[in-house]
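Engineer: Input structure: input.txt, which contains compact mmCIF, C-alpha atoms and all ligand atoms.
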```txt
# COMPACT_ATOMS: atom_id res chain seq x y z
CA MET E 174 243.32 -46.39 57.41
CA ASN E 175 243.18 -49.15 60.06
CA ILE E 176 242.16 -47.67 63.38
CA LEU E 177 242.39 -49.42 66.72
CA VAL E 178 239.53 -48.22 68.92
CA LEU E 179 240.20 -48.73 72.62
CA ASN E 180 237.80 -48.50 75.56
CA CYS E 181 239.83 -49.15 78.69
CA GLY E 182 238.34 -49.83 82.12
CA SER E 183 240.41 -50.34 85.27
CA SER E 184 240.78 -54.09 84.63
CA SER E 185 239.22 -54.45 81.19
CA LEU E 186 239.88 -53.49 77.60
CA LYS E 187 237.31 -53.45 74.82
CA PHE E 188 238.57 -52.93 71.30
CA GLN E 189 237.65 -52.80 67.64
CA ILE E 190 239.75 -52.44 64.54
CA ILE E 191 237.94 -50.39 61.92
CA ASP E 192 239.08 -49.64 58.39
CA THR E 193 237.98 -46.16 57.39
CA ASP E 194 239.02 -43.00 55.53
CA LEU E 195 237.29 -39.79 54.45
CA GLU E 196 235.78 -41.38 51.33
CA LYS E 197 234.55 -44.42 53.28
CA ILE E 198 232.98 -42.14 55.90
CA GLU E 199 231.20 -40.20 53.16
CA LYS E 200 229.89 -43.41 51.57
CA ASN E 201 229.23 -45.15 54.92
CA GLU E 202 231.62 -47.90 53.85
CA ASP E 203 233.74 -48.19 57.01
CA ARG E 204 234.57 -51.84 57.80
CA GLU E 205 234.84 -53.51 61.17
CA LEU E 206 237.80 -55.91 60.90
CA ALA E 207 237.91 -57.24 64.46
CA ARG E 208 236.46 -56.71 67.91
CA GLY E 209 237.01 -58.13 71.34
CA LEU E 210 236.99 -57.83 75.08
CA ILE E 211 239.66 -58.68 77.64
CA GLU E 212 238.40 -58.76 81.25
CA ARG E 213 240.12 -59.38 84.57
CA ILE E 214 243.41 -57.86 83.43
CA GLY E 215 245.95 -58.42 86.22
CA SER E 216 245.16 -62.11 86.66
CA GLU E 217 243.95 -64.98 84.46
CA ALA E 218 242.09 -62.82 81.94
CA LEU E 219 238.88 -63.76 80.12
CA ILE E 220 239.26 -63.07 76.43
CA SER E 221 236.70 -62.90 73.66
CA LEU E 222 237.90 -62.14 70.13
CA LYS E 223 236.15 -61.92 66.79
CA VAL E 224 237.90 -61.39 63.50
CA GLU E 225 235.86 -60.57 60.38
CA GLY E 226 234.70 -63.74 58.64
CA LYS E 227 235.76 -66.00 61.52
CA SER E 228 233.84 -67.26 64.53
CA THR E 229 234.21 -65.76 68.02
CA ILE E 230 237.02 -67.24 70.08
CA LYS E 231 236.70 -67.39 73.86
CA THR E 232 239.84 -68.17 75.80
CA THR E 233 241.86 -67.28 78.90
CA ALA E 234 245.45 -66.15 79.36
CA ALA E 235 247.60 -64.56 82.05
CA ILE E 236 247.58 -60.85 81.19
CA ARG E 237 249.55 -58.60 83.51
CA ASP E 238 248.45 -55.13 82.49
CA HIS E 239 246.93 -53.04 79.68
CA LYS E 240 250.19 -53.07 77.72
CA ALA E 241 250.18 -56.87 77.75
CA ALA E 242 246.51 -56.82 76.70
CA ILE E 243 247.28 -54.65 73.65
CA GLN E 244 250.26 -56.85 72.78
CA TYR E 245 248.00 -59.93 73.00
CA ILE E 246 245.49 -58.36 70.59
CA ILE E 247 248.18 -57.35 68.12
CA LYS E 248 249.73 -60.81 68.18
CA TRP E 249 246.29 -62.32 67.53
CA VAL E 250 245.26 -60.05 64.67
CA THR E 251 248.65 -60.17 62.91
CA SER E 252 249.01 -63.95 63.08
CA PRO E 253 248.59 -65.66 59.68
CA ASP E 254 246.30 -68.31 61.26
CA THR E 255 243.99 -66.25 63.47
CA GLY E 256 244.38 -62.76 62.11
CA ILE E 257 243.10 -60.22 59.62
CA PRO E 258 244.32 -60.51 56.01
CA GLY E 259 246.39 -57.42 55.24
CA ILE E 260 247.29 -56.71 58.86
CA ASN E 261 250.71 -58.29 59.26
CA SER E 262 252.50 -56.14 61.78
CA LEU E 263 252.21 -53.14 64.13
CA GLU E 264 252.81 -50.83 61.15
CA ASP E 265 249.45 -51.85 59.69
CA ILE E 266 247.64 -50.10 62.56
CA HIS E 267 247.70 -46.44 61.55
CA ALA E 268 246.08 -44.66 64.48
CA ILE E 269 244.45 -45.28 67.84
CA GLY E 270 241.19 -43.76 69.09
CA HIS E 271 240.43 -43.83 72.81
CA ARG E 272 236.99 -43.67 74.37
CA THR E 273 237.65 -41.16 77.11
CA VAL E 274 235.09 -40.43 79.76
CA HIS E 275 235.71 -36.96 81.15
CA GLY E 276 236.92 -33.99 79.18
CA GLY E 277 235.95 -31.41 81.82
CA GLU E 278 235.32 -27.96 80.38
CA GLU E 279 238.52 -28.01 78.31
CA PHE E 280 237.62 -30.54 75.64
CA LYS E 281 234.62 -29.68 73.49
CA SER E 282 235.57 -32.05 70.68
CA SER E 283 237.96 -34.89 69.88
CA VAL E 284 241.68 -34.07 70.03
CA ARG E 285 245.03 -35.56 69.10
CA ILE E 286 246.73 -36.74 72.28
CA ASP E 287 249.97 -34.99 73.22
CA ASN E 288 251.64 -34.27 76.56
CA ASP E 289 249.49 -31.20 77.09
CA VAL E 290 246.27 -33.20 76.55
CA ILE E 291 247.51 -35.90 78.94
CA ALA E 292 248.30 -33.26 81.59
CA LYS E 293 244.79 -31.81 81.28
CA MET E 294 243.27 -35.30 81.50
CA GLU E 295 245.29 -35.89 84.64
CA ASP E 296 243.91 -32.63 86.06
CA ASN E 297 240.41 -33.98 85.39
CA ILE E 298 240.98 -37.21 87.35
CA GLU E 299 239.28 -35.73 90.39
CA LEU E 300 236.13 -35.22 88.28
CA ALA E 301 236.11 -38.86 87.12
CA PRO E 302 238.17 -40.87 89.60
CA LEU E 303 236.72 -44.19 88.42
CA HIS E 304 237.18 -43.64 84.69
CA ASN E 305 239.93 -41.20 83.69
CA PRO E 306 242.80 -43.16 85.33
CA ALA E 307 241.77 -46.27 83.36
CA ASN E 308 241.58 -44.28 80.11
CA LEU E 309 245.05 -42.87 80.82
CA LYS E 310 246.38 -46.39 81.46
CA GLY E 311 245.21 -47.29 77.95
CA ILE E 312 246.88 -44.20 76.46
CA TYR E 313 250.22 -44.90 78.17
CA ALA E 314 250.06 -48.58 77.23
CA ALA E 315 249.32 -47.82 73.57
CA ARG E 316 252.22 -45.33 73.48
CA GLU E 317 254.57 -47.97 74.82
CA VAL E 318 253.43 -50.60 72.33
CA PHE E 319 253.15 -48.44 69.21
CA GLY E 320 255.71 -45.71 69.99
CA PRO E 321 255.15 -41.94 69.88
CA SER E 322 254.87 -41.68 66.10
CA VAL E 323 251.52 -43.51 65.84
CA PRO E 324 248.83 -40.86 66.39
CA GLN E 325 246.43 -41.30 69.30
CA VAL E 326 243.15 -39.41 69.55
CA ALA E 327 240.85 -38.90 72.55
CA ILE E 328 237.07 -38.91 72.03
CA PHE E 329 235.35 -37.57 75.14
CA ASP E 330 232.00 -38.79 76.45
CA THR E 331 231.29 -35.30 77.75
CA ALA E 332 232.16 -33.36 74.57
CA PHE E 333 228.79 -33.60 72.80
CA HIS E 334 227.11 -32.00 75.82
CA SER E 335 229.46 -29.00 75.86
CA THR E 336 226.76 -27.05 73.97
CA MET E 337 224.36 -27.09 76.96
CA PRO E 338 223.41 -23.60 78.12
CA GLU E 339 224.28 -22.39 81.63
CA THR E 340 220.65 -22.72 82.64
CA ALA E 341 220.90 -26.47 82.04
CA TYR E 342 224.39 -27.20 83.30
CA LEU E 343 224.52 -25.18 86.50
CA TYR E 344 223.25 -26.60 89.78
CA ALA E 345 221.33 -24.20 92.00
CA ILE E 346 224.02 -24.18 94.69
CA PRO E 347 226.20 -21.13 95.46
CA TYR E 348 227.84 -20.03 92.21
CA GLN E 349 231.31 -19.94 93.79
CA TYR E 350 231.38 -23.77 93.80
CA TYR E 351 231.14 -23.73 90.04
CA ARG E 352 233.86 -21.10 89.82
CA ARG E 353 236.10 -22.76 92.39
CA TYR E 354 235.67 -26.46 91.61
CA LYS E 355 233.79 -26.59 88.27
CA ILE E 356 230.86 -28.33 89.92
CA ARG E 357 228.29 -28.50 87.11
CA LYS E 358 226.42 -30.94 84.93
CA TYR E 359 228.76 -32.46 82.31
CA GLY E 360 226.63 -35.31 80.96
CA PHE E 361 227.96 -38.61 79.63
CA HIS E 362 227.20 -41.09 76.80
CA GLY E 363 227.79 -38.10 74.49
CA THR E 364 229.40 -40.21 71.76
CA SER E 365 226.31 -42.44 71.72
CA HIS E 366 223.79 -39.57 71.67
CA ARG E 367 225.80 -37.94 68.89
CA TYR E 368 225.79 -41.15 66.82
CA ILE E 369 222.03 -41.59 67.27
CA ALA E 370 221.44 -38.01 66.10
CA TYR E 371 223.69 -38.64 63.08
CA ARG E 372 221.79 -41.83 62.14
CA TYR E 373 218.48 -39.97 62.58
CA ARG E 374 219.71 -37.46 60.01
CA VAL E 375 220.77 -40.23 57.63
CA LEU E 376 217.40 -42.01 58.00
CA THR E 377 215.26 -38.89 57.57
CA GLY E 378 217.41 -36.75 55.28
CA LYS E 379 217.17 -33.84 57.75
CA THR E 380 219.89 -31.28 58.20
CA LYS E 381 221.65 -30.79 61.53
CA ASN E 382 219.74 -27.57 62.08
CA ASP E 383 216.46 -29.45 61.56
CA THR E 384 217.32 -32.19 64.05
CA ASN E 385 215.05 -31.78 67.07
CA ILE E 386 214.89 -35.09 68.90
CA ILE E 387 215.07 -36.79 72.26
CA THR E 388 217.59 -39.63 72.37
CA LEU E 389 217.29 -42.37 74.98
CA HIS E 390 220.42 -44.43 75.63
CA LEU E 391 218.94 -47.21 77.79
CA GLY E 392 221.49 -49.79 78.88
CA ASN E 393 223.00 -50.79 82.17
CA GLY E 394 223.88 -47.10 82.35
CA SER E 395 221.05 -44.96 80.98
CA SER E 396 220.65 -41.36 79.93
CA ALA E 397 218.31 -39.11 77.97
CA CYS E 398 219.39 -36.18 75.82
CA ALA E 399 217.45 -33.22 74.43
CA ILE E 400 218.91 -32.39 71.01
CA LYS E 401 217.81 -29.09 69.46
CA HIS E 402 219.13 -27.93 66.09
CA GLY E 403 221.48 -30.93 66.26
CA LYS E 404 223.03 -29.84 69.58
CA SER E 405 222.69 -31.22 73.10
CA ILE E 406 220.78 -28.67 75.16
CA ASP E 407 220.20 -30.89 78.20
CA THR E 408 220.96 -34.40 79.36
CA SER E 409 219.99 -36.48 82.35
CA MET E 410 223.41 -37.51 83.70
CA GLY E 411 225.14 -34.78 85.64
CA PHE E 412 228.36 -34.01 87.49
CA THR E 413 228.77 -37.80 87.49
CA PRO E 414 226.88 -40.61 85.72
CA LEU E 415 224.80 -41.17 88.89
CA GLU E 416 222.19 -38.49 88.17
CA GLY E 417 219.09 -38.82 86.04
CA LEU E 418 217.27 -41.95 84.91
CA MET E 419 217.01 -45.08 87.01
CA MET E 420 219.70 -47.52 85.81
CA GLY E 421 220.81 -51.13 86.24
CA THR E 422 222.49 -50.54 89.60
CA ARG E 423 222.53 -46.71 89.88
CA CYS E 424 219.75 -44.82 91.61
CA GLY E 425 219.46 -41.82 89.28
CA ASP E 426 217.80 -38.73 90.81
CA ILE E 427 217.32 -38.76 94.56
CA ASP E 428 216.95 -36.12 97.26
CA PRO E 429 220.54 -35.54 98.53
CA THR E 430 219.21 -35.39 102.10
CA ILE E 431 218.78 -39.18 101.99
CA ILE E 432 222.57 -39.51 102.21
CA ASP E 433 222.78 -37.61 105.49
CA PHE E 434 219.68 -39.38 106.84
CA LEU E 435 221.13 -42.84 106.11
CA HIS E 436 224.48 -41.83 107.54
CA HIS E 437 222.78 -41.07 110.88
CA LYS E 438 220.32 -43.98 110.86
CA GLU E 439 222.68 -46.75 109.79
CA GLY E 440 226.04 -45.29 110.74
CA SER E 441 227.17 -45.86 107.14
CA SER E 442 230.12 -43.87 105.85
CA ILE E 443 229.78 -41.59 102.83
CA ASP E 444 231.78 -44.11 100.78
CA GLU E 445 229.44 -46.95 101.78
CA ILE E 446 226.38 -44.91 100.89
CA PHE E 447 227.79 -43.95 97.49
CA ASN E 448 228.73 -47.54 96.84
CA MET E 449 225.11 -48.48 97.53
CA LEU E 450 223.79 -45.69 95.27
CA ASN E 451 226.12 -46.73 92.43
CA LYS E 452 226.18 -50.50 92.74
CA ARG E 453 223.13 -51.74 94.68
CA SER E 454 220.33 -49.42 93.55
CA GLY E 455 218.30 -48.98 90.36
CA LEU E 456 216.68 -52.09 88.85
CA LEU E 457 218.73 -54.28 91.21
CA GLY E 458 217.82 -52.30 94.32
CA ILE E 459 214.08 -52.25 93.66
CA SER E 460 213.72 -55.84 92.40
CA GLY E 461 216.16 -57.25 94.96
CA LEU E 462 217.02 -59.74 92.21
CA THR E 463 219.08 -58.46 89.32
CA ASN E 464 220.17 -55.42 87.33
CA ASP E 465 219.55 -57.28 84.07
CA MET E 466 216.39 -56.35 82.18
CA ARG E 467 216.20 -59.77 80.47
CA ASP E 468 216.23 -61.57 83.81
CA LEU E 469 213.59 -59.23 85.23
CA GLU E 470 211.32 -60.00 82.28
CA VAL E 471 211.78 -63.74 82.91
CA GLU E 472 210.94 -63.28 86.62
CA ILE E 473 207.71 -61.56 85.65
CA THR E 474 206.69 -64.13 83.04
CA GLU E 475 207.59 -67.19 85.08
CA HIS E 476 206.95 -66.07 88.67
CA GLN E 477 204.79 -62.93 88.38
CA ASP E 478 207.36 -61.27 90.62
CA ARG E 479 205.81 -58.01 91.92
CA ARG E 480 209.06 -56.19 92.61
CA ALA E 481 210.54 -57.12 89.24
CA GLN E 482 207.44 -55.53 87.69
CA LEU E 483 207.75 -52.51 89.99
CA ALA E 484 211.41 -52.04 88.97
CA ILE E 485 210.48 -51.98 85.27
CA ASP E 486 207.48 -49.70 85.89
CA MET E 487 209.69 -47.23 87.78
CA PHE E 488 212.36 -47.42 85.07
CA CYS E 489 209.76 -46.51 82.43
CA ALA E 490 208.08 -43.82 84.59
CA ARG E 491 211.41 -42.00 84.98
CA ILE E 492 211.98 -42.05 81.24
CA VAL E 493 208.50 -40.62 80.65
CA LYS E 494 209.18 -37.78 83.11
CA TYR E 495 212.39 -36.82 81.33
CA VAL E 496 210.79 -37.03 77.88
CA GLY E 497 207.96 -34.78 79.09
CA ALA E 498 210.38 -32.28 80.60
CA TYR E 499 212.58 -32.20 77.51
CA LEU E 500 209.67 -31.81 75.11
CA THR E 501 208.74 -28.67 77.01
CA ALA E 502 212.32 -27.42 77.30
CA MET E 503 212.73 -27.84 73.52
CA ASN E 504 209.37 -26.33 72.57
CA GLY E 505 208.47 -29.69 71.06
CA ALA E 506 210.47 -32.26 69.12
CA ASP E 507 210.05 -34.37 65.98
CA ALA E 508 211.15 -37.77 67.24
CA ILE E 509 212.16 -39.98 70.12
CA CYS E 510 214.99 -42.45 69.48
CA PHE E 511 215.58 -45.56 71.59
CA SER E 512 219.05 -47.09 71.80
CA ALA E 513 221.50 -49.32 73.76
CA GLY E 514 220.87 -52.79 75.26
CA ILE E 515 217.38 -52.12 76.62
CA GLY E 516 216.32 -49.48 74.09
CA GLU E 517 217.32 -51.75 71.18
CA ASN E 518 215.99 -55.05 72.53
CA ALA E 519 213.07 -54.54 74.92
CA PRO E 520 209.87 -53.75 72.94
CA ASP E 521 207.77 -53.92 76.14
CA VAL E 522 209.79 -51.10 77.71
CA ARG E 523 209.42 -49.00 74.56
CA ALA E 524 205.68 -49.72 74.44
CA LYS E 525 205.22 -48.76 78.10
CA VAL E 526 207.08 -45.47 77.62
CA CYS E 527 205.14 -44.62 74.45
CA GLU E 528 201.77 -45.51 76.03
CA HIS E 529 202.26 -42.56 78.41
CA LEU E 530 202.87 -40.28 75.45
CA GLU E 531 199.67 -41.13 73.58
CA PHE E 532 198.07 -37.86 74.71
CA LEU E 533 200.77 -36.09 72.68
CA GLY E 534 199.75 -38.04 69.61
CA VAL E 535 202.50 -40.67 69.81
CA LYS E 536 201.26 -43.86 68.16
CA LEU E 537 203.37 -46.98 68.15
CA ASP E 538 203.08 -49.59 65.40
CA LYS E 539 202.98 -52.71 67.59
CA LYS E 540 204.19 -55.07 64.88
CA LEU E 541 207.13 -52.87 63.93
CA ASN E 542 207.96 -52.35 67.60
CA ASN E 543 208.09 -56.09 68.26
CA LYS E 544 210.20 -56.72 65.17
CA MET E 545 212.76 -53.98 65.81
CA ILE E 546 215.24 -55.93 67.96
CA ARG E 547 218.76 -57.38 67.76
CA GLY E 548 220.45 -54.61 65.87
CA LYS E 549 217.57 -53.63 63.55
CA GLU E 550 217.19 -49.94 62.84
CA GLY E 551 214.09 -48.01 61.84
CA VAL E 552 210.78 -46.34 62.64
CA ILE E 553 208.38 -48.02 65.08
CA SER E 554 205.62 -45.39 65.07
CA THR E 555 202.60 -45.27 62.72
CA PRO E 556 202.66 -42.85 59.75
CA ASP E 557 200.09 -40.58 61.48
CA SER E 558 201.99 -40.44 64.81
CA LYS E 559 202.64 -36.78 65.75
CA LEU E 560 206.14 -37.64 66.94
CA GLN E 561 208.12 -40.30 65.13
CA VAL E 562 209.64 -43.06 67.24
CA PHE E 563 212.86 -44.78 66.13
CA VAL E 564 215.05 -47.62 67.25
CA ILE E 565 218.67 -46.76 66.42
CA PRO E 566 221.35 -49.22 67.53
CA THR E 567 224.23 -47.23 68.92
CA ASN E 568 227.79 -47.50 67.59
CA GLU E 569 230.19 -45.47 69.67
CA GLU E 570 233.20 -47.29 68.19
CA LEU E 571 232.36 -46.04 64.71
CA VAL E 572 232.22 -42.43 65.92
CA ILE E 573 235.57 -42.92 67.65
CA ALA E 574 237.16 -44.43 64.53
CA ARG E 575 235.80 -41.68 62.28
CA ASP E 576 236.84 -38.85 64.61
CA THR E 577 240.30 -40.42 64.92
CA CYS E 578 240.60 -40.51 61.14
CA ARG E 579 239.45 -36.89 60.76
CA VAL E 580 241.74 -35.59 63.50
CA VAL E 581 244.75 -37.44 62.06
CA LEU E 582 244.03 -36.06 58.57
CA ASN E 583 243.25 -32.56 59.90
CA ALA E 584 239.78 -32.83 58.35
CA PRO E 585 236.95 -30.83 59.95
CA LEU E 586 234.98 -32.54 62.70
CA PRO E 587 231.20 -32.61 62.21
P1 LIG I 1 224.12 -52.23 77.60
O1 LIG I 1 224.66 -51.59 78.86
O2 LIG I 1 223.81 -51.24 76.51
O3 LIG I 1 224.94 -53.38 77.12
O4 LIG I 1 222.68 -52.87 77.99
C1 LIG I 1 222.54 -53.86 78.96
C2 LIG I 1 221.07 -54.02 79.29
O5 LIG I 1 220.34 -54.37 78.10
C3 LIG I 1 220.80 -55.12 80.31
O6 LIG I 1 219.84 -54.69 81.26
C4 LIG I 1 220.22 -56.21 79.45
O7 LIG I 1 219.35 -57.05 80.16
C5 LIG I 1 219.45 -55.41 78.42
N1 LIG I 1 219.09 -56.27 77.28
C6 LIG I 1 219.92 -56.85 76.39
N2 LIG I 1 219.22 -57.66 75.54
C7 LIG I 1 217.92 -57.62 75.95
C8 LIG I 1 216.70 -58.25 75.52
N3 LIG I 1 216.70 -59.09 74.49
N4 LIG I 1 215.57 -57.94 76.19
C9 LIG I 1 215.58 -57.10 77.23
N5 LIG I 1 216.68 -56.48 77.68
C10 LIG I 1 217.83 -56.73 77.07
```
Can you dump the structure from the file as C-alpha cells?
Ligand code: AMP
Structural biologist:
Amino acid sequence: MNILVLNCGSSSLKFQIIDTDLEKIEKNEDRELARGLIERIGSEALISLKVEGKSTIKTTAAIRDHKAAIQYIIKWVTSPDTGIPGINSLEDIHAIGHRTVHGGEEFKSSVRIDNDVIAKMEDNIELAPLHNPANLKGIYAAREVFGPSVPQVAIFDTAFHSTMPETAYLYAIPYQYYRRYKIRKYGFHGTSHRYIAYRYRVLTGKTKNDTNIITLHLGNGSSACAIKHGKSIDTSMGFTPLEGLMMGTRCGDIDPTIIDFLHHKEGSSIDEIFNMLNKRSGLLGISGLTNDMRDLEVEITEHQDRRAQLAIDMFCARIVKYVGAYLTAMNGADAICFSAGIGENAPDVRAKVCEHLEFLGVKLDKKLNNKMIRGKEGVISTPDSKLQVFVIPTNEELVIARDTCRVVLNAPLP
C-alpha cells in the first residue's frame, strides 16, 4: 500500500511516500519511496524532492496553495522521467496520513477522517491556532486532489500523551477553567516519543509493559516524556508547545508573572510578549546569536563566545532537571533515549546531560557517544551503567504511514 504522509504548515508542506502493509510492518520492511519539502507556498516556492535511488532535486516554482503543492508532488512522482517506478497515476496512492497537531481530549489515537472528525478538529482550532488550521488546509486540499474515496487518516501529536493521569495534566488553577475551557497539559511530539519507545522495545526485546524510559526529543522544538509501562505518564510541553524545556527560540518554563511585569515595564502588548517568548527566546534569546545548535558550537570553538556557551549550558541544565523529576515520578527508569536534530547529532550535549547523572550510576561510553551521529541508532552507555542510554533517530513519518495502513485495514492500533 503506497501511503502519502503529509505534514502541512501554514505555508509549507513536508511529505513522504511510504510503501507498507501489515506484513511489511511486522517484518520492518516498509520502504520510503520519496520525500520532499515545499516551502513558501503562496509565492515562488522553494522545493526539495528526493525519489528513491535518485539524487535530491532543488528547484523553485510558483505554487498558489496546498492543493497546487500536492498536485506538483503527484506530477513529479508519476512522471516517467523523474518519478517512482510503479507509481503512474493518482490511483497508485492508496491512502493519505496527516500529521495533525492537536487532538484535544477527543482523539486518543489515530482516526479515519470524516466530516465528524473535521468538525471536531475545527472545534479544536482555538487550542492550536497556529497548527490546526494548516493541518485542515492539507486535509481539504488532499480531498480535492484525490476525491472522497481515497481514505485519509489523522495522526495526532497529542494522542500518545492521552494516558497522562490527572495529577500530571491538570494545572493548579481553579478547576472550573479545566471544566469550562479544557485548560490542561496536552503535550506534543507524541508521535516521536511513541516511535522512540517502539524502537527501544525492538532494540532491547522488552515488552510494552516492561518499557520504563525517559525519551528526550531535542530539536528546534524540544520535549521530554516519562514513559511507564509503555505509556506516557508526563511530558514537558503543556497546554501549548511553549512549556517545558528550553528550545531553539521558545523559552520553556517561566514564571507567568514575567508577562505582566514586561507589559508594564515596556508597554508591550500580550501578543508582542508571546511573540518574543515563542520566537526570540531559548537558545537564540540567551546567545543573542542563533537558535541553531551547530552554529552555537562553532561560535564556542572559534570565538569562545560566553553567551553561546551559557545558552548550551542552560539547555542541558533544563534537561537534567526534567530527567531528575521524571526518574522520581516514575520510581526509577531503565533507560534514557536521545532523539531529534540535537539529540541525534550533538554528542557534547548528550555528554553534558549524562555527566550530571553520574551520581545515579549513568556511565557514558565516550567513543560510542561520539560515533552515534547522523542517523545511527544504538546504546551509548557502558555495560555496567545503571541506566542505559540510547540514541534513537526519530521517524514520525513511519508511525504515520503505519497507523494510516492499520486504520484503513481496520487492524488494531498498537
Ligand atoms: P530538528 O528540529 O529535529 O530538525 O533539530 C534542529 C536542531 O538540531 C538545530 O538546533 C540543529 O542545529 C541541530 N543539529 C542538527 N545537526 C547537528 C549537529 N551535527 N550538531 C549539533 N546540532 C545539530
Engineer: Return as a list in words every polymer residue, whether protein, DNA or RNA, with at least one atom no more than 6 Å from an atom of ligand LIG 1 (chain I); count only C-alpha atoms and all ligand atoms.
Structural biologist: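 Protein and nucleic-acid residues within 6 Å of ligand LIG 1 (chain I): Gly392, Asn393, Gly394, Asp465, Met466, Arg467, Ala513, Gly514, Ile515, Asn518 and Ala519 of chain E.
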Engineer: For the selection just defined, write its residues with C-alpha atoms to a file, as a compact mmCIF listing (two decimals), keeping the file's coordinate frame.
Structural biologist:
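After the write, selection_8.txt holds the following:
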```txt
# COMPACT_ATOMS: atom_id res chain seq x y z
CA GLY E 392 221.49 -49.79 78.88
CA ASN E 393 223.00 -50.79 82.17
CA GLY E 394 223.88 -47.10 82.35
CA ASP E 465 219.55 -57.28 84.07
CA MET E 466 216.39 -56.35 82.18
CA ARG E 467 216.20 -59.77 80.47
CA ALA E 513 221.50 -49.32 73.76
CA GLY E 514 220.87 -52.79 75.26
CA ILE E 515 217.38 -52.12 76.62
CA ASN E 518 215.99 -55.05 72.53
CA ALA E 519 213.07 -54.54 74.92
```
Engineer: List the spatial neighbours of region 450-454 of chain E as a compact mmCIF listing (two decimals) with C-alpha atoms, in the frame of the given file - criterion: any atom at most 9 Å away, only C-alpha atoms, same-chain residues fewer than 6 positions off excluded.
Structural biologist:
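Final output, selection04.txt:
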```
# COMPACT_ATOMS: atom_id res chain seq x y z
CA LEU E 415 224.80 -41.17 88.89
CA MET E 419 217.01 -45.08 87.01
CA MET E 420 219.70 -47.52 85.81
CA GLY E 421 220.81 -51.13 86.24
CA THR E 422 222.49 -50.54 89.60
CA ARG E 423 222.53 -46.71 89.88
CA CYS E 424 219.75 -44.82 91.61
CA GLY E 425 219.46 -41.82 89.28
CA GLY E 461 216.16 -57.25 94.96
CA ASN E 464 220.17 -55.42 87.33
```
Engineer: Taking all atoms listed in the file into account, which of E:Glu445, E:Asp576, E:Glu279, E:Asp478 comes nearest Ala292 (chain E)?
Structural biologist: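 Under the stated criterion, the closest residue is E:Glu279.
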Engineer: Just give me the residues with any atom within 12 Å of (234.3, -40.9, 63.4), file coordinates, counting only C-alpha atoms, written as a ChimeraX atom specification.
Structural biologist: /E:176,178,191-195,197-199,201,203,269-272,282-283,326-328,364-365,367-368,371,568-582,584-587
Engineer: Using only C-alpha atoms, pick whichever of E:Ala314, E:Ala506, E:Ile211, E:Val274 has the shortest atom-to-atom distance to Pro302 (chain E).
Structural biologist: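 Closest candidate: E:Val274.
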Engineer: Residues within 12 Å of Arg372 (chain E), please, as JSON, numbers by chain. Count all atoms listed in the file; anything in the same chain fewer than 6 positions from it doesn't count.
Structural biologist: {"E": [201, 365, 366, 378, 379, 380, 381, 384, 386, 388, 403, 510, 511, 512, 550, 551, 552, 563, 564, 565, 566, 567, 568, 569, 571, 572]}
Engineer: Kindly provide, as AutoDock Vina command-line options, the centre and edge lengths (Å, one decimal) of an axis-aligned box around all atoms of region 573-582 of chain E given in the file, with 5 Å on each side.
Structural biologist:
```
--center_x 240.2 --center_y -40.0 --center_z 63.1 --size_x 19.2 --size_y 18.8 --size_z 19.1
```
Engineer: Could you please determine the separation between CA of Ala481 (chain E) and CA of Arg547 (chain E) in Å, to one decimal place?
Structural biologist: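 CA of Ala481 (chain E) sits 23.0 Å away from CA of Arg547 (chain E).
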Engineer: State, in Å with one decimal place, the distance from CA of Leu483 (chain E) to CA of Ala524 (chain E).
Structural biologist: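 So the two atoms, CA of Leu483 (chain E) and CA of Ala524 (chain E), lie 15.9 Å apart.
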Engineer: Set out as a Markdown table a contact list for region 311-373 of chain E and region 488-502 of chain E with a cut-off of 12 Å, giving each residue of region 311-373 of chain E that qualifies its closest atom pair and distance in Å to one decimal, counting all atoms listed in the file, ordered by chain and rising residue number.
Structural biologist:
```
| residue | atom | partner | partner_atom | distance |
| --- | --- | --- | --- | --- |
| E:Pro338 | CA | E:Ala502 | CA | 11.8 |
| E:Thr340 | CA | E:Ala502 | CA | 11.0 |
| E:Ala341 | CA | E:Ala502 | CA | 9.8 |
```
Engineer: Could you check the closest approach to Gly276 (chain E) for each of E:His334, E:Lys404, E:Arg374, E:Arg213 and tell me which residue wins, using only C-alpha atoms?
Structural biologist: E:His334
Engineer: At a cut-off of 12 Å, using all atoms listed in the file, what residues contact Ser322 (chain E)? Leave out same-chain residues fewer than 3 positions from it and give the result as a PyMOL selection string.
Structural biologist: chain E and resi 263-264+266-269+285-287+315-319+325+581
Engineer: Could you add whatever atoms are missing so that region 510-517 of chain E carries N, CA and C atoms, then write the result as a short mmCIF file (atom, residue, chain, number, x, y, z; two decimals), keeping the file's coordinate frame?
Structural biologist:
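After the write, rebuild-v2.cif holds the following:
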```
data_model
loop_
_atom_site.label_atom_id
_atom_site.label_comp_id
_atom_site.auth_asym_id
_atom_site.auth_seq_id
_atom_site.Cartn_x
_atom_site.Cartn_y
_atom_site.Cartn_z
N CYS E 510 214.17 -41.35 70.00
CA CYS E 510 214.99 -42.45 69.48
C CYS E 510 215.48 -43.32 70.63
N PHE E 511 215.14 -44.61 70.57
CA PHE E 511 215.58 -45.56 71.59
C PHE E 511 216.88 -46.23 71.15
N SER E 512 217.79 -46.43 72.14
CA SER E 512 219.05 -47.09 71.80
C SER E 512 219.64 -47.82 72.99
N ALA E 513 220.74 -48.52 72.77
CA ALA E 513 221.50 -49.32 73.76
C ALA E 513 220.73 -50.59 74.14
N GLY E 514 221.36 -51.43 74.98
CA GLY E 514 220.87 -52.79 75.26
C GLY E 514 219.37 -52.89 75.47
N ILE E 515 218.82 -52.05 76.33
CA ILE E 515 217.38 -52.12 76.62
C ILE E 515 216.59 -51.43 75.50
N GLY E 516 217.03 -50.24 75.13
CA GLY E 516 216.32 -49.48 74.09
C GLY E 516 216.26 -50.23 72.76
N GLU E 517 217.28 -51.03 72.47
CA GLU E 517 217.32 -51.75 71.18
C GLU E 517 216.61 -53.10 71.22
#
```
